[in-house]
Amino acid sequence: MAERDTPTDADDPTADAADPRDHDALPAAIREAVPDYDDTYLDRVADRLMYSYDLAADYAVDGERFELYAEMRMETQKQFLHPALNYANHETEEYLFARRVRTPTVGQLERLVDLGHAVADDRVEGNEEHYGTDITFVLVAERIPDAVADFVDGFRDRTLLKFGYYGHYEVNLIVVAPDDQQIVDSEAAGPTGAFRLWEPVEEPTEGVLSRFARRFWR
């Protein structure tokens with residue numbers, strides 16, 4: 001459901017809340033790899049995404065351009081006595097595309113969903129080790145019309161590959177109006193918190209493996 005909070009900083013309603021992680025403690029090579037988006041809001045979002053994602057700016061896919069692109073790949077496995085003796089390998093991938101629009105429409109979102117399926121056709125390699133791929137589109141808008149909020153709030157698009165034997169992929173949607181501190185996301189969208197700059201980043205209460213296991217059984 002769409003959320004709206006009362007701004008607490010009239011001068012900068014998207015002022016980033018305190019981040020519990022120490023940005024300066026990261027290796028210089030990681031900090032320097034984060035692009036300059038020439039956009040205060042997207043720069044702050046990138047500062048949150050950089051801990052888990054590889055980032056790019058001015059990214060094009062199938063003729064569509066996005067100011068911010070993020071990619072994450074993760075592999076989990078079980079092992080017996082030695083890392084070389086591993087089994088139950090699972091691969092997950094996430095692709096995130098974000099761009100600014102003035103006023104989003106349902107038609108724009110539907111076209112992005114179609115683009116998500118095209119991205120999946122091109123990038124998702126279904127096999128026994130593939131668990132899941134998330135493809136998320138984010139529109140950064142001046143306002144969120146009610147029709148858009150309703151569409152996103154009730155949206156979920158999950159495709160099983162070979163009846164789930166080769167995992168699945170999911171297309172997710174997020175629409176955010178930073179000046180209004182308003183955001184709406186689809187049911188399975190994961191990185192919503194990175195775009196909610198008016199709230200602090202919450203420290204995870206569980207490890208990466210347990211989060212993965214929870215998603216596996218979702």
# chains A, B, ... in the order shown; residues from 1 in each chain; ligands from 1
$ residues_around --residues "Asp185 (chain A)" --least-positions-apart "5" --cutoff "6 Å" --atoms "only C-alpha atoms" --output "ChimeraX atom specification"
/A:152-153,173-174
$ residues_around --residues "region 53-66 of chain A" --least-positions-apart "3" --cutoff "12 Å" --atoms "only C-alpha atoms" --output "short mmCIF file (atom, residue, chain, number, x, y, z; two decimals) with N, CA and C atoms, in the first residue's frame"
data_model
loop_
_atom_site.label_atom_id
_atom_site.label_comp_id
_atom_site.auth_asym_id
_atom_site.auth_seq_id
_atom_site.Cartn_x
_atom_site.Cartn_y
_atom_site.Cartn_z
N ILE A 30 36.13 0.45 -3.78
CA ILE A 30 34.67 0.29 -3.82
C ILE A 30 34.00 1.65 -3.90
N ARG A 31 34.46 2.59 -3.07
CA ARG A 31 33.86 3.94 -3.10
C ARG A 31 34.03 4.59 -4.47
N GLU A 32 35.21 4.43 -5.05
CA GLU A 32 35.49 5.08 -6.32
C GLU A 32 34.73 4.44 -7.48
N ALA A 33 34.25 3.21 -7.29
CA ALA A 33 33.51 2.53 -8.35
C ALA A 33 32.07 2.99 -8.44
N VAL A 34 31.60 3.75 -7.45
CA VAL A 34 30.22 4.24 -7.47
C VAL A 34 30.14 5.45 -8.38
N PRO A 35 29.29 5.43 -9.39
CA PRO A 35 29.20 6.55 -10.33
C PRO A 35 28.67 7.81 -9.66
N ASP A 36 28.95 8.95 -10.27
CA ASP A 36 28.36 10.23 -9.87
C ASP A 36 27.14 10.44 -10.76
N TYR A 37 25.96 10.47 -10.13
CA TYR A 37 24.72 10.54 -10.90
C TYR A 37 24.27 11.97 -11.19
N ASP A 38 24.99 12.94 -10.65
CA ASP A 38 24.61 14.34 -10.85
C ASP A 38 23.15 14.56 -10.45
N ASP A 39 22.75 13.84 -9.41
CA ASP A 39 21.36 13.87 -8.92
C ASP A 39 21.45 13.54 -7.43
N LEU A 42 19.50 10.32 -6.28
CA LEU A 42 20.07 9.06 -6.77
C LEU A 42 21.45 8.81 -6.19
N ASP A 43 22.21 9.88 -5.93
CA ASP A 43 23.51 9.70 -5.28
C ASP A 43 23.34 9.08 -3.91
N VAL A 45 20.75 7.27 -2.88
CA VAL A 45 20.29 5.90 -3.06
C VAL A 45 21.48 4.99 -3.37
N ALA A 46 22.37 5.46 -4.25
CA ALA A 46 23.55 4.67 -4.60
C ALA A 46 24.41 4.39 -3.38
N ASP A 47 24.49 5.34 -2.45
CA ASP A 47 25.27 5.13 -1.23
C ASP A 47 24.71 3.99 -0.40
N ARG A 48 23.42 3.73 -0.54
CA ARG A 48 22.83 2.60 0.18
C ARG A 48 22.98 1.30 -0.60
N LEU A 49 22.85 1.37 -1.91
CA LEU A 49 22.93 0.16 -2.72
C LEU A 49 24.35 -0.36 -2.86
N MET A 50 25.34 0.50 -2.72
CA MET A 50 26.72 0.13 -3.02
C MET A 50 27.24 -1.02 -2.16
N TYR A 69 21.54 1.96 -12.64
CA TYR A 69 21.43 0.52 -12.83
C TYR A 69 22.22 -0.18 -11.73
N ALA A 70 21.67 -1.24 -11.18
CA ALA A 70 22.34 -2.00 -10.12
C ALA A 70 22.19 -3.48 -10.39
N GLU A 71 23.23 -4.22 -10.06
CA GLU A 71 23.24 -5.67 -10.32
C GLU A 71 23.89 -6.39 -9.15
N MET A 72 23.29 -7.50 -8.75
CA MET A 72 23.84 -8.31 -7.67
C MET A 72 23.72 -9.78 -8.04
N ARG A 73 24.76 -10.53 -7.76
CA ARG A 73 24.75 -11.98 -7.97
C ARG A 73 25.20 -12.65 -6.67
N MET A 74 24.53 -13.72 -6.32
CA MET A 74 24.86 -14.41 -5.07
C MET A 74 24.73 -15.91 -5.28
N GLU A 93 20.10 -13.81 -8.65
CA GLU A 93 20.54 -12.58 -9.31
C GLU A 93 19.48 -11.51 -9.13
N GLU A 94 19.94 -10.27 -9.09
CA GLU A 94 19.01 -9.14 -9.04
C GLU A 94 19.49 -8.08 -10.02
N TYR A 95 18.55 -7.54 -10.78
CA TYR A 95 18.82 -6.44 -11.69
C TYR A 95 17.84 -5.32 -11.36
N LEU A 96 18.36 -4.12 -11.17
CA LEU A 96 17.53 -2.98 -10.79
C LEU A 96 17.76 -1.84 -11.77
N PHE A 97 16.67 -1.27 -12.27
CA PHE A 97 16.71 -0.17 -13.22
C PHE A 97 15.87 0.98 -12.67
N ALA A 98 16.46 2.17 -12.57
CA ALA A 98 15.73 3.32 -12.01
C ALA A 98 15.89 4.54 -12.92
N ARG A 99 14.80 5.29 -13.07
CA ARG A 99 14.87 6.53 -13.83
C ARG A 99 13.82 7.51 -13.33
N ARG A 100 14.02 8.76 -13.66
CA ARG A 100 13.10 9.82 -13.26
C ARG A 100 12.02 10.02 -14.33
N VAL A 101 10.82 10.28 -13.85
CA VAL A 101 9.70 10.68 -14.71
C VAL A 101 8.95 11.78 -13.98
N GLN A 108 3.04 3.26 -18.64
CA GLN A 108 4.49 3.19 -18.51
C GLN A 108 4.91 1.95 -17.72
N ARG A 111 4.60 -1.21 -19.77
CA ARG A 111 5.70 -1.37 -20.73
C ARG A 111 6.98 -1.84 -20.02
N LEU A 112 7.19 -1.37 -18.80
CA LEU A 112 8.34 -1.83 -18.03
C LEU A 112 8.23 -3.31 -17.68
N ASP A 114 6.75 -5.54 -19.53
CA ASP A 114 7.12 -6.23 -20.77
C ASP A 114 8.64 -6.23 -20.94
N LEU A 115 9.27 -5.10 -20.62
CA LEU A 115 10.73 -5.03 -20.71
C LEU A 115 11.37 -6.01 -19.74
N GLY A 116 10.79 -6.16 -18.56
CA GLY A 116 11.31 -7.11 -17.59
C GLY A 116 11.33 -8.53 -18.12
N HIS A 117 10.28 -8.91 -18.83
CA HIS A 117 10.25 -10.25 -19.42
C HIS A 117 11.29 -10.39 -20.53
N ALA A 118 11.53 -9.30 -21.28
CA ALA A 118 12.56 -9.33 -22.31
C ALA A 118 13.95 -9.48 -21.68
N VAL A 119 14.18 -8.78 -20.57
CA VAL A 119 15.45 -8.91 -19.85
C VAL A 119 15.62 -10.34 -19.35
N ALA A 120 14.55 -10.92 -18.84
CA ALA A 120 14.63 -12.30 -18.35
C ALA A 120 14.95 -13.27 -19.49
N ASP A 121 14.32 -13.07 -20.65
CA ASP A 121 14.58 -13.94 -21.79
C ASP A 121 16.05 -13.88 -22.19
N ASP A 122 16.65 -12.71 -22.03
CA ASP A 122 18.03 -12.51 -22.45
C ASP A 122 19.05 -12.96 -21.41
N ARG A 123 18.71 -12.83 -20.12
CA ARG A 123 19.72 -13.01 -19.08
C ARG A 123 19.53 -14.23 -18.18
N PHE A 137 12.07 -2.50 -11.45
CA PHE A 137 12.05 -1.18 -12.10
C PHE A 137 11.56 -0.14 -11.10
N VAL A 138 12.27 0.98 -11.06
CA VAL A 138 11.93 2.06 -10.13
C VAL A 138 11.70 3.34 -10.92
N LEU A 139 10.57 3.98 -10.70
CA LEU A 139 10.29 5.29 -11.27
C LEU A 139 10.33 6.31 -10.15
N VAL A 140 11.19 7.31 -10.31
CA VAL A 140 11.31 8.41 -9.35
C VAL A 140 10.49 9.57 -9.90
N PRO A 191 14.40 -4.07 -2.76
CA PRO A 191 15.26 -2.93 -2.41
C PRO A 191 14.51 -1.64 -2.09
N ALA A 194 16.08 1.18 0.16
CA ALA A 194 17.16 2.03 -0.33
C ALA A 194 16.64 3.34 -0.90
#
$ residues_around --residues "Asn172 (chain A)" --least-positions-apart "3" --cutoff "9 Å" --atoms "only C-alpha atoms" --output "ChimeraX atom specification"
/A:113,116,134-138,152,155-158,185-190
$ atom_distance --atom1 "CA of Glu67 (chain A)" --atom2 "CA of Asp146 (chain A)"
24.9 Å
$ closest_residue --among "A:Glu125, A:Tyr41, A:Glu142, A:Val148" --to "Arg196 (chain A)" --atoms "only C-alpha atoms"
A:Tyr41
$ closest_residue --among "A:Tyr169, A:Phe151, A:Phe163, A:Trp198" --to "Val124 (chain A)" --atoms "only C-alpha atoms"
A:Tyr169
$ residues_around --residues "Arg143 (chain A)" --least-positions-apart "2" --cutoff "12 Å" --atoms "only C-alpha atoms" --output "ChimeraX atom specification"
/A:2,4,100-105,139-141,145-149,175-184
$ atom_distance --atom1 "CA of Gly193 (chain A)" --atom2 "CA of His168 (chain A)"
23.3 Å
$ residues_around --residues "Glu91 (chain A)" --least-positions-apart "2" --cutoff "6 Å" --atoms "only C-alpha atoms" --output "PyMOL selection string"
chain A and resi 74-75+129-131
$ write_last_selection --atoms "C-alpha atoms" --output "PDB file, in the first residue's frame"
ATOM      1  CA  MET A  74      24.858 -14.408  -5.069  1.00  0.00           C
ATOM      2  CA  GLU A  75      25.616 -18.098  -4.783  1.00  0.00           C
ATOM      3  CA  GLU A 129      21.408 -24.427  -9.835  1.00  0.00           C
ATOM      4  CA  HIS A 130      19.335 -21.344 -10.652  1.00  0.00           C
ATOM      5  CA  TYR A 131      17.070 -20.438  -7.765  1.00  0.00           C
TER       6      TYR A 131
END
$ atom_distance --atom1 "CA of Phe195 (chain A)" --atom2 "CA of Arg44 (chain A)"
8.6 Å
$ decode --residues "region 28-58 of chain A" --atoms "N, CA and C atoms" --output "PDB file, in the first residue's frame"
ATOM      1  N   ALA A  28      38.791   2.112  -0.720  1.00  0.00           N
ATOM      2  CA  ALA A  28      38.703   3.200  -1.692  1.00  0.00           C
ATOM      3  C   ALA A  28      38.254   2.700  -3.055  1.00  0.00           C
ATOM      4  N   ALA A  29      38.681   1.497  -3.434  1.00  0.00           N
ATOM      5  CA  ALA A  29      38.317   0.964  -4.748  1.00  0.00           C
ATOM      6  C   ALA A  29      36.808   0.807  -4.886  1.00  0.00           C
ATOM      7  N   ILE A  30      36.127   0.445  -3.778  1.00  0.00           N
ATOM      8  CA  ILE A  30      34.674   0.289  -3.816  1.00  0.00           C
ATOM      9  C   ILE A  30      34.003   1.654  -3.897  1.00  0.00           C
ATOM     10  N   ARG A  31      34.461   2.593  -3.071  1.00  0.00           N
ATOM     11  CA  ARG A  31      33.857   3.935  -3.100  1.00  0.00           C
ATOM     12  C   ARG A  31      34.033   4.590  -4.469  1.00  0.00           C
ATOM     13  N   GLU A  32      35.208   4.432  -5.051  1.00  0.00           N
ATOM     14  CA  GLU A  32      35.488   5.084  -6.323  1.00  0.00           C
ATOM     15  C   GLU A  32      34.734   4.435  -7.479  1.00  0.00           C
ATOM     16  N   ALA A  33      34.254   3.214  -7.291  1.00  0.00           N
ATOM     17  CA  ALA A  33      33.512   2.533  -8.353  1.00  0.00           C
ATOM     18  C   ALA A  33      32.071   2.992  -8.444  1.00  0.00           C
ATOM     19  N   VAL A  34      31.602   3.749  -7.453  1.00  0.00           N
ATOM     20  CA  VAL A  34      30.220   4.239  -7.465  1.00  0.00           C
ATOM     21  C   VAL A  34      30.138   5.451  -8.381  1.00  0.00           C
ATOM     22  N   PRO A  35      29.285   5.429  -9.390  1.00  0.00           N
ATOM     23  CA  PRO A  35      29.199   6.549 -10.329  1.00  0.00           C
ATOM     24  C   PRO A  35      28.672   7.814  -9.659  1.00  0.00           C
ATOM     25  N   ASP A  36      28.952   8.954 -10.268  1.00  0.00           N
ATOM     26  CA  ASP A  36      28.365  10.229  -9.873  1.00  0.00           C
ATOM     27  C   ASP A  36      27.144  10.438 -10.756  1.00  0.00           C
ATOM     28  N   TYR A  37      25.960  10.469 -10.135  1.00  0.00           N
ATOM     29  CA  TYR A  37      24.724  10.537 -10.901  1.00  0.00           C
ATOM     30  C   TYR A  37      24.266  11.966 -11.192  1.00  0.00           C
ATOM     31  N   ASP A  38      24.991  12.945 -10.647  1.00  0.00           N
ATOM     32  CA  ASP A  38      24.608  14.342 -10.847  1.00  0.00           C
ATOM     33  C   ASP A  38      23.150  14.558 -10.447  1.00  0.00           C
ATOM     34  N   ASP A  39      22.746  13.845  -9.411  1.00  0.00           N
ATOM     35  CA  ASP A  39      21.364  13.874  -8.922  1.00  0.00           C
ATOM     36  C   ASP A  39      21.452  13.538  -7.434  1.00  0.00           C
ATOM     37  N   THR A  40      21.140  14.493  -6.575  1.00  0.00           N
ATOM     38  CA  THR A  40      21.328  14.307  -5.136  1.00  0.00           C
ATOM     39  C   THR A  40      20.587  13.081  -4.616  1.00  0.00           C
ATOM     40  N   TYR A  41      19.357  12.922  -5.050  1.00  0.00           N
ATOM     41  CA  TYR A  41      18.567  11.794  -4.565  1.00  0.00           C
ATOM     42  C   TYR A  41      19.185  10.464  -5.001  1.00  0.00           C
ATOM     43  N   LEU A  42      19.504  10.323  -6.284  1.00  0.00           N
ATOM     44  CA  LEU A  42      20.067   9.065  -6.770  1.00  0.00           C
ATOM     45  C   LEU A  42      21.452   8.814  -6.190  1.00  0.00           C
ATOM     46  N   ASP A  43      22.214   9.881  -5.934  1.00  0.00           N
ATOM     47  CA  ASP A  43      23.513   9.698  -5.285  1.00  0.00           C
ATOM     48  C   ASP A  43      23.341   9.082  -3.906  1.00  0.00           C
ATOM     49  N   ARG A  44      22.342   9.529  -3.167  1.00  0.00           N
ATOM     50  CA  ARG A  44      22.107   8.986  -1.830  1.00  0.00           C
ATOM     51  C   ARG A  44      21.590   7.555  -1.887  1.00  0.00           C
ATOM     52  N   VAL A  45      20.753   7.275  -2.876  1.00  0.00           N
ATOM     53  CA  VAL A  45      20.290   5.902  -3.063  1.00  0.00           C
ATOM     54  C   VAL A  45      21.479   4.995  -3.369  1.00  0.00           C
ATOM     55  N   ALA A  46      22.367   5.460  -4.245  1.00  0.00           N
ATOM     56  CA  ALA A  46      23.546   4.672  -4.597  1.00  0.00           C
ATOM     57  C   ALA A  46      24.412   4.385  -3.381  1.00  0.00           C
ATOM     58  N   ASP A  47      24.491   5.342  -2.452  1.00  0.00           N
ATOM     59  CA  ASP A  47      25.270   5.132  -1.232  1.00  0.00           C
ATOM     60  C   ASP A  47      24.710   3.989  -0.399  1.00  0.00           C
ATOM     61  N   ARG A  48      23.418   3.727  -0.537  1.00  0.00           N
ATOM     62  CA  ARG A  48      22.832   2.600   0.180  1.00  0.00           C
ATOM     63  C   ARG A  48      22.984   1.296  -0.599  1.00  0.00           C
ATOM     64  N   LEU A  49      22.855   1.374  -1.906  1.00  0.00           N
ATOM     65  CA  LEU A  49      22.928   0.164  -2.722  1.00  0.00           C
ATOM     66  C   LEU A  49      24.350  -0.361  -2.860  1.00  0.00           C
ATOM     67  N   MET A  50      25.342   0.504  -2.723  1.00  0.00           N
ATOM     68  CA  MET A  50      26.718   0.131  -3.021  1.00  0.00           C
ATOM     69  C   MET A  50      27.242  -1.017  -2.162  1.00  0.00           C
ATOM     70  N   TYR A  51      26.616  -1.267  -1.017  1.00  0.00           N
ATOM     71  CA  TYR A  51      27.088  -2.317  -0.128  1.00  0.00           C
ATOM     72  C   TYR A  51      26.787  -3.713  -0.668  1.00  0.00           C
ATOM     73  N   SER A  52      25.789  -3.797  -1.571  1.00  0.00           N
ATOM     74  CA  SER A  52      25.387  -5.110  -2.068  1.00  0.00           C
ATOM     75  C   SER A  52      25.391  -5.223  -3.586  1.00  0.00           C
ATOM     76  N   TYR A  53      25.391  -4.086  -4.290  1.00  0.00           N
ATOM     77  CA  TYR A  53      25.214  -4.099  -5.734  1.00  0.00           C
ATOM     78  C   TYR A  53      26.405  -3.475  -6.453  1.00  0.00           C
ATOM     79  N   ASP A  54      26.643  -3.936  -7.702  1.00  0.00           N
ATOM     80  CA  ASP A  54      27.503  -3.226  -8.635  1.00  0.00           C
ATOM     81  C   ASP A  54      26.635  -2.189  -9.339  1.00  0.00           C
ATOM     82  N   LEU A  55      27.135  -0.955  -9.439  1.00  0.00           N
ATOM     83  CA  LEU A  55      26.327   0.154  -9.916  1.00  0.00           C
ATOM     84  C   LEU A  55      26.848   0.710 -11.235  1.00  0.00           C
ATOM     85  N   ALA A  56      25.934   1.265 -12.029  1.00  0.00           N
ATOM     86  CA  ALA A  56      26.281   1.935 -13.269  1.00  0.00           C
ATOM     87  C   ALA A  56      25.315   3.098 -13.465  1.00  0.00           C
ATOM     88  N   ALA A  57      25.720   4.048 -14.290  1.00  0.00           N
ATOM     89  CA  ALA A  57      24.882   5.212 -14.602  1.00  0.00           C
ATOM     90  C   ALA A  57      24.615   5.259 -16.099  1.00  0.00           C
ATOM     91  N   ASP A  58      23.496   5.919 -16.449  1.00  0.00           N
ATOM     92  CA  ASP A  58      23.129   6.108 -17.850  1.00  0.00           C
ATOM     93  C   ASP A  58      23.190   4.779 -18.604  1.00  0.00           C
TER      94      ASP A  58
END
